[in-house]
Amino acid sequence: MDKYYYPEGGLPPQTHLTTERAIVTEAYTVIPKGVLTDIVTSNLPGFTKTRSWIIARPISGFATTFSQLIVEIAPGGGAPKAEFEAGVEGVVFVVKGTVNLTLNGELHELGEGGYAYLAAGDEWGLANVSDEIVSFHWIRKAYERLPGYEAKSFVTSDAEVAPREMPDVNGVWKTTRFADPDDLAHDMHVNIVTFQPGGVIPFPETHVMEHGLYVLSGKAMYLLNNDWVEVEAGDFMWLRAFCPQACYAGGPGEFRYLLYKDVNRQVKLTGQPLSG
């Protein structure tokens, strides 16, 4: 069994039932793994032998801070330069295969669970030099600079970062934090949240941060606004600010998801630049 779920595409047969678990509301969206088929992929500028599923993008009146893609690169494919938009930071998290990351002229090999934070303005590209496909999540955000702080690129992995236990939960709820949560240079966090079977978020979290939650493994009942939704590995949940959320991990194995949230910035009210 694969440690991290990844979509393989394809197309259901004509006999397949059209009903699915996909839902779009004013407070949240659920994109289940069954709808990530070949016909909804997009090509990416600058990439060869590559396709992507764009599962989140800024939408007026909903979530506006980030985009999230699942990218698949075939052997021999990639992009010498991946990010073309000035001022955009990113995170790459590998769920299948191995990819070579060139970051500011330095080569890094990212295997399954590999994680790279890519600071706005840095030059980076990706190449699949293996004989198998590579699949990864690419989360992008316009970096909000704060006087006196500047986020720096770094490379690590799921295996290298010890999860931190949430307080008073007896180990059933842990978070793998790749960036220091107290470092104000970072205006977004992309973490991994892990629940043991039976673990819960014991209250409806209701907060200003937007979320993208991609289920890497396991299954759970997840509270989204007023609805309890059953989710499993490969499903994506997308939450606007202040959407209440909670969960109950169903087992039999761990429930793990890749979590995006915007953090560490004051709410802008005037549109004017920040003063030092």
# chains A, B, ... in the order shown; residues from 1 in each chain; ligands from 1
>>> residues_around(residues="Leu118 of chain A", least_positions_apart="6", cutoff="6 Å", atoms="only C-alpha atoms", output="list in words")
Glu89, Gly90, Val91 and Ser153 of chain A
>>> write_last_selection(atoms="N, CA and C atoms", output="PDB file, in the first residue's frame")
ATOM      1  N   GLU A  89       5.283  32.646  -3.685  1.00  0.00           N
ATOM      2  CA  GLU A  89       5.984  31.594  -2.968  1.00  0.00           C
ATOM      3  C   GLU A  89       5.281  30.264  -3.220  1.00  0.00           C
ATOM      4  N   GLY A  90       5.935  29.163  -2.847  1.00  0.00           N
ATOM      5  CA  GLY A  90       5.307  27.875  -3.090  1.00  0.00           C
ATOM      6  C   GLY A  90       5.813  26.800  -2.162  1.00  0.00           C
ATOM      7  N   VAL A  91       5.055  25.713  -2.108  1.00  0.00           N
ATOM      8  CA  VAL A  91       5.464  24.491  -1.427  1.00  0.00           C
ATOM      9  C   VAL A  91       5.246  23.334  -2.387  1.00  0.00           C
ATOM     10  N   SER A 153      14.005  29.899   1.355  1.00  0.00           N
ATOM     11  CA  SER A 153      13.723  28.565   0.850  1.00  0.00           C
ATOM     12  C   SER A 153      14.408  27.512   1.709  1.00  0.00           C
TER      13      SER A 153
END
>>> residues_around(residues="Thr41 of chain A", least_positions_apart="6", cutoff="10 Å", atoms="only C-alpha atoms", output="tab-separated table (two decimals) with C-alpha atoms, in the first residue's frame")
chain	number	residue	atom	x	y	z
A	9	GLY	CA	-6.47	9.55	-13.80
A	50	THR	CA	3.34	17.00	-17.46
A	51	ARG	CA	-0.31	17.27	-16.51
A	52	SER	CA	-2.02	18.78	-13.49
A	53	TRP	CA	-5.27	18.76	-11.58
A	54	ILE	CA	-5.97	22.30	-10.34
A	70	ILE	CA	-1.65	17.99	-8.08
A	71	VAL	CA	1.07	17.67	-10.71
A	72	GLU	CA	2.17	14.51	-12.52
>>> residues_around(residues="Phe178 of chain A", least_positions_apart="3", cutoff="12 Å", atoms="only C-alpha atoms", output="PyMOL selection string")
chain A and resi 91-93+113-117+153-164+175+181-183+186+188-193+258-260
>>> residues_around(residues="Gly171 of chain A", least_positions_apart="6", cutoff="9 Å", atoms="only C-alpha atoms", output="ChimeraX atom specification")
/A:165,195-196,199
>>> residues_around(residues="Ala63 of chain A", least_positions_apart="6", cutoff="10 Å", atoms="only C-alpha atoms", output="short mmCIF file (atom, residue, chain, number, x, y, z; two decimals) with N, CA and C atoms, in the first residue's frame")
data_model
loop_
_atom_site.label_atom_id
_atom_site.label_comp_id
_atom_site.auth_asym_id
_atom_site.auth_seq_id
_atom_site.Cartn_x
_atom_site.Cartn_y
_atom_site.Cartn_z
N GLU A 26 -21.25 27.65 -0.34
CA GLU A 26 -20.67 28.97 -0.08
C GLU A 26 -19.60 28.92 0.99
N ALA A 27 -19.59 27.86 1.82
CA ALA A 27 -18.64 27.78 2.92
C ALA A 27 -17.50 26.80 2.67
N TYR A 28 -17.75 25.76 1.86
CA TYR A 28 -16.73 24.74 1.64
C TYR A 28 -17.00 24.02 0.33
N ALA A 56 -7.67 24.00 -6.41
CA ALA A 56 -8.06 25.22 -5.72
C ALA A 56 -7.45 26.41 -6.44
N ARG A 57 -8.22 27.49 -6.51
CA ARG A 57 -7.73 28.75 -7.06
C ARG A 57 -8.53 29.87 -6.40
N MET A 209 -8.38 31.75 9.12
CA MET A 209 -7.53 31.10 8.13
C MET A 209 -8.36 30.30 7.13
N GLU A 210 -8.00 30.43 5.84
CA GLU A 210 -8.54 29.55 4.81
C GLU A 210 -7.78 28.23 4.84
N HIS A 211 -8.42 27.18 4.36
CA HIS A 211 -7.79 25.87 4.39
C HIS A 211 -7.92 25.16 3.04
N GLY A 212 -6.86 24.41 2.72
CA GLY A 212 -6.94 23.32 1.75
C GLY A 212 -6.49 22.07 2.48
N TRP A 238 -11.85 22.08 0.76
CA TRP A 238 -11.44 23.46 0.54
C TRP A 238 -12.38 24.35 1.34
N LEU A 239 -11.86 25.10 2.32
CA LEU A 239 -12.67 25.85 3.27
C LEU A 239 -12.40 27.34 3.17
N ARG A 240 -13.45 28.12 3.13
CA ARG A 240 -13.30 29.56 3.20
C ARG A 240 -13.05 29.97 4.66
N ALA A 241 -12.69 31.22 4.88
CA ALA A 241 -12.48 31.72 6.23
C ALA A 241 -13.75 31.57 7.07
#
>>> closest_residue(among="A:Ile31, A:Glu132, A:Lys152, A:Pro202", to="Asp168 of chain A", atoms="only C-alpha atoms")
A:Pro202
>>> atom_distance(atom1="atom CA of His137 of chain A", atom2="atom CA of Lys268 of chain A")
28.5 Å
>>> residues_around(residues="Asn226 of chain A", least_positions_apart="5", cutoff="10 Å", atoms="only C-alpha atoms", output="list in words")
Ala27, Pro204, Cys243, Pro244 and Gln245 of chain A
>>> select_by_dssp(residues="segment 212-244 of chain A", states="strand (DSSP E)", output="ChimeraX atom specification")
/A:212-217,219-224,227-232,236-239
>>> write_last_selection(atoms="C-alpha atoms", output="compact mmCIF listing (two decimals), in the first residue's frame")
# COMPACT_ATOMS: atom_id res chain seq x y z
CA GLY A 212 -6.94 23.32 1.75
CA LEU A 213 -6.99 19.76 3.17
CA TYR A 214 -5.85 16.87 0.99
CA VAL A 215 -6.30 13.46 2.59
CA LEU A 216 -3.03 11.54 2.27
CA SER A 217 -4.21 8.35 4.00
CA LYS A 219 -10.67 8.02 6.39
CA ALA A 220 -12.76 10.15 8.73
CA MET A 221 -16.02 11.93 9.31
CA TYR A 222 -15.34 15.65 8.82
CA LEU A 223 -17.59 18.48 9.97
CA LEU A 224 -17.82 21.22 7.35
CA ASP A 227 -22.58 18.98 7.48
CA TRP A 228 -20.77 15.80 8.51
CA VAL A 229 -19.02 14.49 5.38
CA GLU A 230 -17.24 11.14 5.07
CA VAL A 231 -13.83 11.55 3.44
CA GLU A 232 -11.02 9.18 2.51
CA PHE A 236 -9.71 17.33 -1.10
CA MET A 237 -11.57 19.74 1.17
CA TRP A 238 -11.44 23.46 0.54
CA LEU A 239 -12.67 25.85 3.27
>>> residues_around(residues="Ser135 of chain A", least_positions_apart="4", cutoff="9 Å", atoms="only C-alpha atoms", output="VMD selection string")
chain A and resid 6 to 7 70 to 74 93 to 99 112
>>> write_last_selection(atoms="C-alpha atoms", output="PDB file, in the first residue's frame")
ATOM      1  CA  TYR A   6      -2.062  10.037  -5.534  1.00  0.00           C
ATOM      2  CA  PRO A   7      -4.528  10.197  -8.462  1.00  0.00           C
ATOM      3  CA  ILE A  70      -1.651  17.993  -8.081  1.00  0.00           C
ATOM      4  CA  VAL A  71       1.075  17.673 -10.707  1.00  0.00           C
ATOM      5  CA  GLU A  72       2.167  14.513 -12.516  1.00  0.00           C
ATOM      6  CA  ILE A  73       5.430  14.460 -14.486  1.00  0.00           C
ATOM      7  CA  ALA A  74       6.230  11.535 -16.778  1.00  0.00           C
ATOM      8  CA  PHE A  93       5.225  17.950  -1.450  1.00  0.00           C
ATOM      9  CA  VAL A  94       5.967  14.664  -3.243  1.00  0.00           C
ATOM     10  CA  VAL A  95       3.456  11.811  -2.925  1.00  0.00           C
ATOM     11  CA  LYS A  96       4.763   9.434  -5.619  1.00  0.00           C
ATOM     12  CA  GLY A  97       8.193   8.796  -7.133  1.00  0.00           C
ATOM     13  CA  THR A  98      11.341  10.931  -7.083  1.00  0.00           C
ATOM     14  CA  VAL A  99      11.948  14.322  -8.669  1.00  0.00           C
ATOM     15  CA  GLU A 112       8.123  10.388  -1.495  1.00  0.00           C
TER      16      GLU A 112
END
>>> closest_residue(among="A:Gly234, A:Ala185, A:Gly148, A:Cys247", to="Leu36 of chain A", atoms="only C-alpha atoms")
A:Gly234
>>> closest_residue(among="A:Thr102, A:Asn170, A:Val35, A:Arg145", to="Ile23 of chain A", atoms="only C-alpha atoms")
A:Val35
>>> closest_residue(among="A:Ala142, A:Leu126, A:Ala179, A:Ala249", to="Ala86 of chain A", atoms="only C-alpha atoms")
A:Ala142
>>> select_by_dssp(residues="segment 32-230 of chain A", states="helix (DSSP H, G or I)", output="mmCIF file with C-alpha atoms, in the first residue's frame")
data_model
loop_
_atom_site.group_PDB
_atom_site.id
_atom_site.type_symbol
_atom_site.label_atom_id
_atom_site.label_comp_id
_atom_site.auth_asym_id
_atom_site.auth_seq_id
_atom_site.Cartn_x
_atom_site.Cartn_y
_atom_site.Cartn_z
ATOM 1 C CA LYS A 33 -10.782 11.411 -5.596
ATOM 2 C CA GLY A 34 -13.238 9.846 -8.052
ATOM 3 C CA VAL A 35 -13.599 13.043 -10.081
ATOM 4 C CA ASP A 38 -8.000 12.485 -17.412
ATOM 5 C CA ILE A 39 -10.469 14.946 -18.949
ATOM 6 C CA VAL A 40 -10.115 17.537 -16.173
ATOM 7 C CA ASP A 158 8.019 14.178 6.224
ATOM 8 C CA ALA A 159 10.474 11.635 7.663
ATOM 9 C CA GLU A 160 12.901 14.315 8.890
#
>>> atom_distance(atom1="atom CA of Gly61 of chain A", atom2="atom CA of Asn43 of chain A")
26.7 Å
>>> atom_distance(atom1="atom CA of Pro273 of chain A", atom2="atom CA of Val208 of chain A")
21.2 Å
